[in-house]
Structures are given as C-alpha cells and as structure tokens.
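Structure first, then comments.
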Amino acid sequence: MSFLEIDHVTKYFSSPSGTGQVCVFKDVTIKIDKGEFVTTVGHSGCGKTTLLNIIAGLETMTEGAIILGGKEVVGPGLDRMVVFQTFSLMPWMTVFQNVRLAVRAAYPDWDREKIAAHVRKYIELVGLNGAEDKRPTALSGGMKQRVGLARAFSIEPKVLLLDEPFAQIDALTRGVIQEELVQMWSKTRNTVFMVTHDVDEAILLSDRIMLMTNGPAARIAEIVDVTIPRPRSRDSIIEHPHYYKIRNHVIHFLVRHASHGDTAEEDRSRTDAAHPLVVRF
Amino acid sequence: MTGVQGQMGSRKDAWLISGTMLVVFLVAWHLFTLRAAFDPGVLTEDQLQTMEFNGDIIRTADGGYAWNPEKEKVKGVPGPLAVLEKATIELGEAFVKKGTNDHGIAYLVVYTVSRFAAGFLAASVVAIMLGVLLGLNRVLFRAVNPYIQILKPISPLAWMPLLLYTVKDPKWTAVLVVFMASLWPTLATTAFGVSSLRKDYLHVAAILQLSWFKRLYKVILPGAAPTIVNGLRISFGSALVAVVPAEMLLGELGVGYLSWIEWNNLDISGVIFAILVVGAVGVILDSGFNKLAGLVMYQE
C-alpha cells in the first residue's frame, strides 16, 4: 500500500469577475511510496504550488482526497512540513529560535536541553553552526533556505513538501544546496513531494517526475521514472546515458505538449487525467 | 576612515550651529524685550508724583525715578533673564507644596506624566487587542471600519464635556481624554498591520499547530510589531497634545495647568517657563518611547 495518496484532487477557483468557476487542475492522482522523492514540473500558473498547498492543508480542494498512511488528512499538521520558496523565516527570531519554534511545537514534552540539542544538531546538519544567533536579515538567500531546510527536517515530518525551494537562490549556491539536500535526504529517506520548474534539479533529486500541462484545467499528463541509480551528484549524473534522454523528454514536453495537454501522439488514447502515461527509459 | 571623521566633523558642525542659533535667539529676545531706563525728561513734578502714586515708577535712593520693577513684570513680554529668574525660583521650590493648588514643579510633572501614562497605556492595550481582533477577521474589520473612520478625526477634547458629565470627576476625565486621543491611531494601524501580515508566517504557525495563544504572541504580535509601534507613535503624539489643554480646561494640577494658572496670575515669565517644561516633558517621554520601540522592531 502506498504511503501518500493524492486521489482525484480537483481545484476550482471562483473567477476574478465573480461570475463563474475556473478549473485550476482536475483529477490529479498519484500514489507515492514511503521514502520516495516525487517532483512536479510544469509551467508557471499550472497550479503546482496550489497542489502542494492542498497537500500541506493550507488550501482546500474542491474534490478528491489526500490520504497519508491510510488516513485522510484535513488541514495543516506537523506530519507535512513545507519548505517555502520565500523561506518564511520569522525575521524577528534568530536562526536558533526559528528552528526551536518548530522543534518545540513538534515535541511539546521535551525539556529545554533536549530541544536545544536537537535544534543544534539540525543547524549543524545544514552547516550553519556559528550563525545560530543571527537574524534572517543577516543571512544570504542560500543560508536562509538552509535554515528553512533545518526547520523542516528537524520536526521529522512524514512528508516534506518543497515549494520551489531554490528558485530565489543564485545559480551557483543553488547547485551546492541541491547537493546538500541530496545528502540530507539520503540520510533520512523522508518522503518528499517537490514542486519546481528547474528540470536539472528535478532529475538530480527525484525518483519520479510528474509533468503537468498548462492551466486552466491542468492535469498530470505523464510520469517520468528517473532511472538513474543513487547516490547521485551533479557531475556524475550527466555522465549517465539516461540523463539527457530524460532531460530532453521533459523539456520537449514543456515546450511542445504542455500547452496542448498532449502526451506523445501514439499514446494519447491510453491516458486520462487520473491515469497518466508512465515514461521509462 | 575619512567617512568616520566626516561624520564626527558634521556632528560637531551641527552642535556648533545649534549653539549659535540658541545664542542669537537669546540675544535677540533680550534686546527686543529690553526697555530703556526711565527718563523723566519733560515730565513735571506733578505728573511724576501721579505716576509714583499709580505705582508705575518708584523713587530711587539717589532721589531720581525708575520704572517700578513689580509692575514691569506684567508689562510687555519678559526677557530671557526674567524667565531665567522665574525658572530658578520654581526649580528651587520644585519639591515644595505651598497649598492645595500650589505644588512644586516636580509634582506637576509627575501628575502630568502619570495622567498621560495611565490614559496612553490603557488605550494602547485596548487598541492593540481590538486591532488584532479586527486584523484577523476581515468581515468584522469591514463592518467596524466605517465607525473607526468617523470617530478617528474627532478631537479628543470634543469628548471632554460628555466625559465630564458622565464620569463626574475631572481627574478621570483628563485621563479619559488622553485615552480617547491615543485610541484610534493605534487601533487603525494595528488592524492594518495584522491584516497585512505575510500569509507565510501564518502558514508556518498553522503547520506547526501552534495554540491560539502562541500564535498570537510568537507570530502575530511580533510580526505586526513595527506597524503597531508606528500607530503607537502617532497616538503618543496626539495624547501629548491633548493632555495640556485637558489640564487647562479641567483645572487639574499638572504642567498644562501651570501654564494656565500663570496666565491667570498675569505672570508671563511663568507662562514661558511652563511652555518650556511642557517641551522638556515631551522630550523625556518621547525618548523613553523610542527606547521601548527599538526593542520590538525588526528588519524584513
């Protein structure tokens, strides 16, 4: 049985004019195994962040259900922690206090020392020792998101939700943090659902990539298996024969098919929104 | 290096200019208010005797005449030396209570500051609590906002007759006038600050399942603090403006009252001294406020 099930999730917004309803996406369905890293890739506006927020419980869905560990989840909770694109660190708290806020919430019966030790462990894990007492303003974008990652990993959630986590970080730092995330993830083997529009990032990190068509009425068109063995690193995966096949396929989809909602011509008849085409090289 | 020196230099320059301005002002003030010594000139002995009888002039030890210094005090605008003399006397008696309505200046300052503090603090607590409530509930905010907009521009002094009639006690009326003066700006800005708090922070709080109370004092209040402090600053100024006329009109002992009672005594030096004291009290309260504000501010 799968660990996290996104079952026929459909979202309608009321249109800005107030006259009707706009379908953001329809019948998004995927089963994610425990410890799996799944990424959604699509153009801006296809509703991928909305989907992530629905899984997090921060937004409501119009139809469908999110089932985690056999139970339907309603509303936000400590079992699904988000790493935000905008970092969402409290600017009035230091790095230590930001992580501690989360740890305290997750482990209310721990004493002060145990909480402090746990916080320090995760700050060290993201390589920020020495910056504990700094406020987010004093940190670079990359360091801010390391705090975001430390906060998310520290509460040991069942599912980590990464919402374009590195989009606001400069390209050089982004590569370094992606690699750090690979290492952190391979230690903890959390179940991760990520949203991005960086194809290389998706291939480096994911087990499977969901390709979403453009909105409105977006849907999952294909699911690409990333058949590159782990452990992966940025310089080694490009050597793998499947790397460019996968990359080209994904980019081809984004450029050609995302706007039509098409999958490759010959397979169109075999797919519907709830059963996307599975692509495997 | 040059930057630091430049900064130090410009600070020094500023001090120099401030000092010069003060000296120029005092000298000008002194010269404009200076009166020439009494010159009997063409006046006859009869006229001089009438003037002496009226108390305008006095006979000096050497047989001449001079302006009566007692009457001079209420003639024209007093010069800086007269104000200094008055200030020396008042400050010398700062801790003396001469009668029920004649307390030393230190007491008057304490009365005004405590009246101000009571009204301002009570209004701030009420305004912040209501503001948070309105900021978190868009519907309630929309419903209440028109009333805030109507009540906000009313001068706090306009409430005074009604308050005096209702509470029937000038002491509490003065505090309530300060309360009314400091309520609206804080209320309006707190509601705005809370409602425009970044949704991300509330999302984090929701995921972490923080209790209602923790959400309030760990996320909402600190997040909206810079905006709330701006509202408090406006309230603070408005309350400071309101406390002086409230004391004047209600006859409550305080620095505002001092200014009025000296006017009733026709002691213009006293009025000027009282104005300076009001200014000094304002500076003290303002710097205290800025220290407190510095503790809760943060940068995005």
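The way I read the labels, and the way they are meant: chains A, B, ... in the order of the structure tokens, residue 1 as the first residue of every chain, and ligand 1 as the first ligand shown, with later ones counted on from there.
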
Test item: chain B residues at most 9 Å from chain A, counting only C-alpha atoms, as JSON, numbers by chain: {"B": [198, 200, 201, 203, 204, 205, 206, 207, 208, 209, 210, 218, 219, 222, 223, 296, 297, 298, 299, 300]}

Export, as a PDB file, in the first residue's frame, the selected residues with N, CA and C atoms.
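Heads up, here's the output in part34.pdb:
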ATOM      1  N   ARG B 198       2.402  38.873   6.491  1.00  0.00           N
ATOM      2  CA  ARG B 198       2.609  37.917   5.398  1.00  0.00           C
ATOM      3  C   ARG B 198       1.980  36.574   5.731  1.00  0.00           C
ATOM      4  N   ASP B 200       2.655  33.745   4.798  1.00  0.00           N
ATOM      5  CA  ASP B 200       3.643  32.684   5.052  1.00  0.00           C
ATOM      6  C   ASP B 200       3.818  32.421   6.544  1.00  0.00           C
ATOM      7  N   TYR B 201       3.898  33.502   7.317  1.00  0.00           N
ATOM      8  CA  TYR B 201       4.121  33.339   8.754  1.00  0.00           C
ATOM      9  C   TYR B 201       2.956  32.581   9.385  1.00  0.00           C
ATOM     10  N   HIS B 203       1.028  30.570   7.795  1.00  0.00           N
ATOM     11  CA  HIS B 203       1.092  29.194   7.305  1.00  0.00           C
ATOM     12  C   HIS B 203       2.023  28.351   8.164  1.00  0.00           C
ATOM     13  N   VAL B 204       3.195  28.920   8.480  1.00  0.00           N
ATOM     14  CA  VAL B 204       4.133  28.193   9.339  1.00  0.00           C
ATOM     15  C   VAL B 204       3.462  27.886  10.676  1.00  0.00           C
ATOM     16  N   ALA B 205       2.806  28.899  11.238  1.00  0.00           N
ATOM     17  CA  ALA B 205       2.133  28.702  12.529  1.00  0.00           C
ATOM     18  C   ALA B 205       1.068  27.619  12.427  1.00  0.00           C
ATOM     19  N   ALA B 206       0.364  27.593  11.286  1.00  0.00           N
ATOM     20  CA  ALA B 206      -0.701  26.592  11.116  1.00  0.00           C
ATOM     21  C   ALA B 206      -0.119  25.191  11.003  1.00  0.00           C
ATOM     22  N   ILE B 207       0.968  25.050  10.222  1.00  0.00           N
ATOM     23  CA  ILE B 207       1.583  23.726  10.073  1.00  0.00           C
ATOM     24  C   ILE B 207       2.123  23.240  11.414  1.00  0.00           C
ATOM     25  N   LEU B 208       2.731  24.166  12.172  1.00  0.00           N
ATOM     26  CA  LEU B 208       3.313  23.767  13.460  1.00  0.00           C
ATOM     27  C   LEU B 208       2.234  23.579  14.524  1.00  0.00           C
ATOM     28  N   GLN B 209       0.985  23.807  14.149  1.00  0.00           N
ATOM     29  CA  GLN B 209      -0.148  23.597  15.057  1.00  0.00           C
ATOM     30  C   GLN B 209       0.021  24.369  16.354  1.00  0.00           C
ATOM     31  N   LEU B 210       0.506  25.612  16.224  1.00  0.00           N
ATOM     32  CA  LEU B 210       0.662  26.428  17.425  1.00  0.00           C
ATOM     33  C   LEU B 210      -0.710  26.730  18.013  1.00  0.00           C
ATOM     34  N   LYS B 218       3.766  34.656  19.574  1.00  0.00           N
ATOM     35  CA  LYS B 218       5.012  34.265  18.904  1.00  0.00           C
ATOM     36  C   LYS B 218       5.046  34.740  17.456  1.00  0.00           C
ATOM     37  N   VAL B 219       3.883  34.867  16.834  1.00  0.00           N
ATOM     38  CA  VAL B 219       3.862  35.167  15.398  1.00  0.00           C
ATOM     39  C   VAL B 219       3.142  36.477  15.090  1.00  0.00           C
ATOM     40  N   PRO B 222       4.568  39.866  17.255  1.00  0.00           N
ATOM     41  CA  PRO B 222       5.895  40.298  16.796  1.00  0.00           C
ATOM     42  C   PRO B 222       5.921  40.637  15.316  1.00  0.00           C
ATOM     43  N   GLY B 223       5.137  39.917  14.521  1.00  0.00           N
ATOM     44  CA  GLY B 223       5.126  40.185  13.084  1.00  0.00           C
ATOM     45  C   GLY B 223       4.554  41.549  12.770  1.00  0.00           C
ATOM     46  N   VAL B 296      11.335  46.167  19.890  1.00  0.00           N
ATOM     47  CA  VAL B 296      10.435  45.260  19.168  1.00  0.00           C
ATOM     48  C   VAL B 296      10.532  45.394  17.649  1.00  0.00           C
ATOM     49  N   MET B 297      11.391  46.302  17.161  1.00  0.00           N
ATOM     50  CA  MET B 297      11.486  46.468  15.714  1.00  0.00           C
ATOM     51  C   MET B 297      12.376  45.376  15.116  1.00  0.00           C
ATOM     52  N   TYR B 298      12.100  45.039  13.853  1.00  0.00           N
ATOM     53  CA  TYR B 298      12.981  44.111  13.134  1.00  0.00           C
ATOM     54  C   TYR B 298      12.995  44.519  11.677  1.00  0.00           C
ATOM     55  N   GLN B 299      13.979  43.982  10.939  1.00  0.00           N
ATOM     56  CA  GLN B 299      14.050  44.259   9.501  1.00  0.00           C
ATOM     57  C   GLN B 299      13.608  43.034   8.738  1.00  0.00           C
ATOM     58  N   GLU B 300      12.900  43.271   7.640  1.00  0.00           N
ATOM     59  CA  GLU B 300      12.468  42.140   6.787  1.00  0.00           C
ATOM     60  C   GLU B 300      13.690  41.474   6.182  1.00  0.00           C
TER      61      GLU B 300
END

8 Å contact set for region 23-36 of chain B, only C-alpha atoms, chain neighbours under 2 positions out, as a ChimeraX atom specification: /B:19-21,38,76-81

Written selection (N, CA and C atoms) as a compact mmCIF listing (two decimals), in the first residue's frame:
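Contents of part_5.txt, as written:
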# COMPACT_ATOMS: atom_id res chain seq x y z
N GLY B 19 24.18 75.66 18.76
CA GLY B 19 24.59 76.58 19.82
C GLY B 19 24.48 78.03 19.37
N THR B 20 24.96 78.27 18.14
CA THR B 20 24.91 79.64 17.61
C THR B 20 23.47 80.12 17.51
N MET B 21 22.60 79.25 16.99
CA MET B 21 21.19 79.62 16.86
C MET B 21 20.61 80.02 18.20
N PHE B 38 14.11 104.63 32.88
CA PHE B 38 13.13 105.71 32.95
C PHE B 38 13.82 107.08 32.83
N GLY B 76 4.43 94.06 28.79
CA GLY B 76 5.18 93.55 27.64
C GLY B 76 5.61 92.10 27.84
N VAL B 77 6.44 91.65 26.95
CA VAL B 77 6.93 90.26 27.03
C VAL B 77 8.22 90.28 27.84
N PRO B 78 8.33 89.37 28.84
CA PRO B 78 9.55 89.36 29.65
C PRO B 78 10.74 88.87 28.84
N GLY B 79 11.91 89.31 29.22
CA GLY B 79 13.13 88.89 28.54
C GLY B 79 13.64 87.58 29.11
N PRO B 80 14.70 87.05 28.51
CA PRO B 80 15.25 85.76 28.95
C PRO B 80 15.72 85.78 30.39
N LEU B 81 16.22 86.92 30.83
CA LEU B 81 16.74 86.97 32.20
C LEU B 81 15.60 86.84 33.21

Every residue of region 62-260 of chain B that DSSP places in alpha helix (DSSP H), as a ChimeraX atom specification: /B:69-72,80-92,105-136,138-151,160-167,170-195,199-207,212-214,221-250,255-260

Surrounding residues of region 53-65 of chain B excluding itself and chain neighbours under 5 positions, 8 Å, only C-alpha atoms, as a list in words: Phe38, Asp39, Pro40 and Lys71 of chain B

Backbone DSSP call of strand (DSSP E or B) for region 49-188 of chain A, listed as number ranges by chain: A: 63-68, 71-72, 80-83, 159-163

Taking N, CA, C and O atoms for each residue, export the selection above as a PDB file, in the first residue's frame.
ATOM      1  N   GLU A  63     -12.584  18.861  -4.967  1.00  0.00           N
ATOM      2  CA  GLU A  63     -12.951  17.435  -4.927  1.00  0.00           C
ATOM      3  C   GLU A  63     -11.700  16.618  -4.687  1.00  0.00           C
ATOM      4  O   GLU A  63     -10.597  17.085  -4.951  1.00  0.00           O
ATOM      5  N   GLY A  64     -11.891  15.389  -4.239  1.00  0.00           N
ATOM      6  CA  GLY A  64     -10.770  14.482  -4.074  1.00  0.00           C
ATOM      7  C   GLY A  64     -10.331  14.367  -2.631  1.00  0.00           C
ATOM      8  O   GLY A  64     -10.991  14.897  -1.730  1.00  0.00           O
ATOM      9  N   ALA A  65      -9.213  13.670  -2.415  1.00  0.00           N
ATOM     10  CA  ALA A  65      -8.747  13.453  -1.061  1.00  0.00           C
ATOM     11  C   ALA A  65      -7.235  13.280  -1.034  1.00  0.00           C
ATOM     12  O   ALA A  65      -6.629  12.883  -2.030  1.00  0.00           O
ATOM     13  N   ILE A  66      -6.648  13.616   0.106  1.00  0.00           N
ATOM     14  CA  ILE A  66      -5.232  13.337   0.360  1.00  0.00           C
ATOM     15  C   ILE A  66      -5.203  12.286   1.466  1.00  0.00           C
ATOM     16  O   ILE A  66      -5.763  12.500   2.545  1.00  0.00           O
ATOM     17  N   ILE A  67      -4.579  11.156   1.178  1.00  0.00           N
ATOM     18  CA  ILE A  67      -4.537  10.078   2.167  1.00  0.00           C
ATOM     19  C   ILE A  67      -3.087   9.814   2.544  1.00  0.00           C
ATOM     20  O   ILE A  67      -2.255   9.535   1.681  1.00  0.00           O
ATOM     21  N   LEU A  68      -2.796   9.977   3.828  1.00  0.00           N
ATOM     22  CA  LEU A  68      -1.421   9.806   4.306  1.00  0.00           C
ATOM     23  C   LEU A  68      -1.414   8.674   5.338  1.00  0.00           C
ATOM     24  O   LEU A  68      -2.103   8.753   6.347  1.00  0.00           O
ATOM     25  N   LYS A  71      -4.799   7.272   6.268  1.00  0.00           N
ATOM     26  CA  LYS A  71      -5.814   8.159   6.841  1.00  0.00           C
ATOM     27  C   LYS A  71      -5.947   9.421   5.992  1.00  0.00           C
ATOM     28  O   LYS A  71      -4.939   9.966   5.532  1.00  0.00           O
ATOM     29  N   GLU A  72      -7.187   9.866   5.830  1.00  0.00           N
ATOM     30  CA  GLU A  72      -7.385  11.104   5.094  1.00  0.00           C
ATOM     31  C   GLU A  72      -6.925  12.275   5.957  1.00  0.00           C
ATOM     32  O   GLU A  72      -7.220  12.326   7.150  1.00  0.00           O
ATOM     33  N   ARG A  80       3.256  17.100   7.817  1.00  0.00           N
ATOM     34  CA  ARG A  80       3.568  17.561   6.459  1.00  0.00           C
ATOM     35  C   ARG A  80       4.184  18.953   6.543  1.00  0.00           C
ATOM     36  O   ARG A  80       3.483  19.943   6.613  1.00  0.00           O
ATOM     37  N   MET A  81       5.511  19.018   6.557  1.00  0.00           N
ATOM     38  CA  MET A  81       6.177  20.317   6.722  1.00  0.00           C
ATOM     39  C   MET A  81       6.591  20.870   5.363  1.00  0.00           C
ATOM     40  O   MET A  81       7.084  20.132   4.525  1.00  0.00           O
ATOM     41  N   VAL A  82       6.390  22.167   5.200  1.00  0.00           N
ATOM     42  CA  VAL A  82       6.682  22.823   3.927  1.00  0.00           C
ATOM     43  C   VAL A  82       8.011  23.583   4.013  1.00  0.00           C
ATOM     44  O   VAL A  82       8.308  24.206   5.029  1.00  0.00           O
ATOM     45  N   VAL A  83       8.811  23.489   2.951  1.00  0.00           N
ATOM     46  CA  VAL A  83       9.943  24.408   2.775  1.00  0.00           C
ATOM     47  C   VAL A  83       9.498  25.404   1.721  1.00  0.00           C
ATOM     48  O   VAL A  83       9.221  25.030   0.589  1.00  0.00           O
ATOM     49  N   VAL A 159       6.002  13.654   5.625  1.00  0.00           N
ATOM     50  CA  VAL A 159       6.196  14.107   4.254  1.00  0.00           C
ATOM     51  C   VAL A 159       6.806  15.505   4.267  1.00  0.00           C
ATOM     52  O   VAL A 159       6.362  16.367   5.014  1.00  0.00           O
ATOM     53  N   LEU A 160       7.840  15.672   3.443  1.00  0.00           N
ATOM     54  CA  LEU A 160       8.417  17.000   3.264  1.00  0.00           C
ATOM     55  C   LEU A 160       7.862  17.582   1.975  1.00  0.00           C
ATOM     56  O   LEU A 160       7.859  16.908   0.944  1.00  0.00           O
ATOM     57  N   LEU A 161       7.394  18.809   2.050  1.00  0.00           N
ATOM     58  CA  LEU A 161       6.853  19.452   0.865  1.00  0.00           C
ATOM     59  C   LEU A 161       7.770  20.614   0.489  1.00  0.00           C
ATOM     60  O   LEU A 161       7.915  21.559   1.265  1.00  0.00           O
ATOM     61  N   LEU A 162       8.418  20.517  -0.668  1.00  0.00           N
ATOM     62  CA  LEU A 162       9.356  21.556  -1.078  1.00  0.00           C
ATOM     63  C   LEU A 162       8.727  22.372  -2.206  1.00  0.00           C
ATOM     64  O   LEU A 162       8.495  21.860  -3.292  1.00  0.00           O
ATOM     65  N   ASP A 163       8.475  23.651  -1.915  1.00  0.00           N
ATOM     66  CA  ASP A 163       7.790  24.511  -2.877  1.00  0.00           C
ATOM     67  C   ASP A 163       8.811  25.407  -3.579  1.00  0.00           C
ATOM     68  O   ASP A 163       9.155  26.465  -3.065  1.00  0.00           O
TER      69      ASP A 163
END

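For the choices A:Lys134, A:Arg234, A:Lys121, A:His8, the atom-to-atom distance to Leu51 (chain A) is smallest for A:His8 when using only C-alpha atoms.
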
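Between CA of Leu232 (chain B) and CA of Thr189 (chain B) there is a distance of 8.5 Å.
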
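You will find CA of Val99 (chain A) at 29.1 Å from CA of Gly47 (chain A).
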
Counting only C-alpha atoms, the residue of B:Ile220, B:Ile275, B:Ala293, B:Leu285 that sits nearest Gly135 (chain B): B:Ile220

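CA of Met61 (chain A) is positioned 15.1 Å from CA of Cys46 (chain A).
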
Gly254 (chain B) environment, 9 Å, only C-alpha atoms, sequence neighbours closer than 2 positions dropped, as an NGL selection string: :B and (105 or 107-113 or 115 or 244 or 247-248 or 251-252 or 256-259)

With N, CA, C and O atoms retained, could you export that selection as a tab-separated table (two decimals), in the first residue's frame?
chain	number	residue	atom	x	y	z
B	105	ILE	N	7.11	72.27	40.91
B	105	ILE	CA	7.12	71.87	39.52
B	105	ILE	C	7.33	70.35	39.36
B	105	ILE	O	6.77	69.71	38.47
B	107	TYR	N	6.24	67.98	41.28
B	107	TYR	CA	4.95	67.32	41.48
B	107	TYR	C	4.09	67.43	40.22
B	107	TYR	O	3.47	66.48	39.78
B	108	LEU	N	4.10	68.67	39.66
B	108	LEU	CA	3.26	68.90	38.48
B	108	LEU	C	3.68	67.98	37.33
B	108	LEU	O	2.84	67.41	36.62
B	109	VAL	N	5.00	67.83	37.16
B	109	VAL	CA	5.49	66.94	36.10
B	109	VAL	C	5.03	65.52	36.35
B	109	VAL	O	4.54	64.83	35.44
B	110	VAL	N	5.15	65.09	37.61
B	110	VAL	CA	4.74	63.72	37.95
B	110	VAL	C	3.24	63.53	37.68
B	110	VAL	O	2.82	62.51	37.11
B	111	TYR	N	2.43	64.53	38.07
B	111	TYR	CA	0.98	64.41	37.83
B	111	TYR	C	0.70	64.24	36.34
B	111	TYR	O	-0.06	63.36	35.91
B	112	THR	N	1.34	65.11	35.52
B	112	THR	CA	1.07	65.08	34.09
B	112	THR	C	1.53	63.75	33.49
B	112	THR	O	0.81	63.11	32.72
B	113	VAL	N	2.75	63.33	33.87
B	113	VAL	CA	3.29	62.10	33.29
B	113	VAL	C	2.43	60.91	33.68
B	113	VAL	O	2.13	60.04	32.85
B	115	ARG	N	-0.75	60.90	34.56
B	115	ARG	CA	-2.04	61.03	33.88
B	115	ARG	C	-1.90	60.57	32.43
B	115	ARG	O	-2.69	59.77	31.93
B	244	VAL	N	-2.25	68.64	27.66
B	244	VAL	CA	-2.07	70.01	28.15
B	244	VAL	C	-3.39	70.79	28.19
B	244	VAL	O	-3.79	71.29	29.24
B	247	GLU	N	-5.76	69.55	30.93
B	247	GLU	CA	-5.45	70.06	32.28
B	247	GLU	C	-5.89	71.51	32.43
B	247	GLU	O	-6.42	71.91	33.47
B	248	MET	N	-5.67	72.29	31.37
B	248	MET	CA	-6.07	73.70	31.42
B	248	MET	C	-7.56	73.83	31.65
B	248	MET	O	-8.02	74.57	32.51
B	251	GLY	N	-8.71	72.20	35.04
B	251	GLY	CA	-8.12	72.72	36.27
B	251	GLY	C	-7.45	71.64	37.10
B	251	GLY	O	-7.40	71.72	38.32
B	252	GLU	N	-6.94	70.63	36.42
B	252	GLU	CA	-6.22	69.57	37.14
B	252	GLU	C	-4.75	69.94	37.25
B	252	GLU	O	-4.14	70.36	36.25
B	256	GLY	N	0.35	71.52	32.14
B	256	GLY	CA	-0.58	72.30	31.33
B	256	GLY	C	-1.31	73.31	32.19
B	256	GLY	O	-1.49	74.47	31.83
B	257	TYR	N	-1.70	72.85	33.36
B	257	TYR	CA	-2.37	73.72	34.34
B	257	TYR	C	-1.46	74.85	34.75
B	257	TYR	O	-1.90	75.99	34.91
B	258	LEU	N	-0.18	74.56	34.91
B	258	LEU	CA	0.79	75.58	35.33
B	258	LEU	C	0.78	76.75	34.36
B	258	LEU	O	0.72	77.92	34.76
B	259	SER	N	0.81	76.40	33.06
B	259	SER	CA	0.82	77.44	32.04
B	259	SER	C	-0.42	78.33	32.18
B	259	SER	O	-0.34	79.55	32.11

Near-region 188-191 of chain A list (8 Å; only C-alpha atoms; drop same-chain fewer than 2 positions) as JSON, numbers by chain: {"A": [33, 34, 35, 36, 37, 157, 158, 159, 160, 184, 185, 186, 193]}

Residues within 12 Å of Ser182 (chain B), only C-alpha atoms, excluding chain neighbours under 6 positions, as number ranges by chain: B: 116-128, 152-156, 175-176, 188-189, 231-243

Region 273-279 of chain A environment, 8 Å, only C-alpha atoms, sequence neighbours closer than 4 positions dropped, as a VMD selection string: chain A and resid 8 26 to 30 219 to 225 263 267

Based on the selection just made, write C-alpha atoms of those residues as a short mmCIF file (atom, residue, chain, number, x, y, z; two decimals), in the first residue's frame.
data_model
loop_
_atom_site.label_atom_id
_atom_site.label_comp_id
_atom_site.auth_asym_id
_atom_site.auth_seq_id
_atom_site.Cartn_x
_atom_site.Cartn_y
_atom_site.Cartn_z
CA HIS A 8 -8.55 12.62 -7.86
CA LYS A 26 -8.53 18.19 -12.46
CA ASP A 27 -8.28 14.63 -11.17
CA VAL A 28 -4.67 14.75 -10.06
CA THR A 29 -3.93 11.23 -8.90
CA ILE A 30 -0.64 9.71 -7.80
CA ARG A 219 -3.71 17.69 -15.42
CA ILE A 220 -0.88 15.27 -14.91
CA ALA A 221 0.00 14.19 -18.43
CA GLU A 222 3.00 11.95 -17.83
CA ILE A 223 5.03 10.48 -15.05
CA VAL A 224 8.71 10.05 -15.88
CA ASP A 225 10.75 7.47 -13.97
CA THR A 263 1.16 13.32 -24.46
CA ASP A 267 -0.19 7.14 -26.52
#

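Candidate residues A:Lys48, A:Arg100, A:His118, A:Lys187 were compared for distance to Gly148 (chain A), and the nearest is A:Arg100, using only C-alpha atoms.
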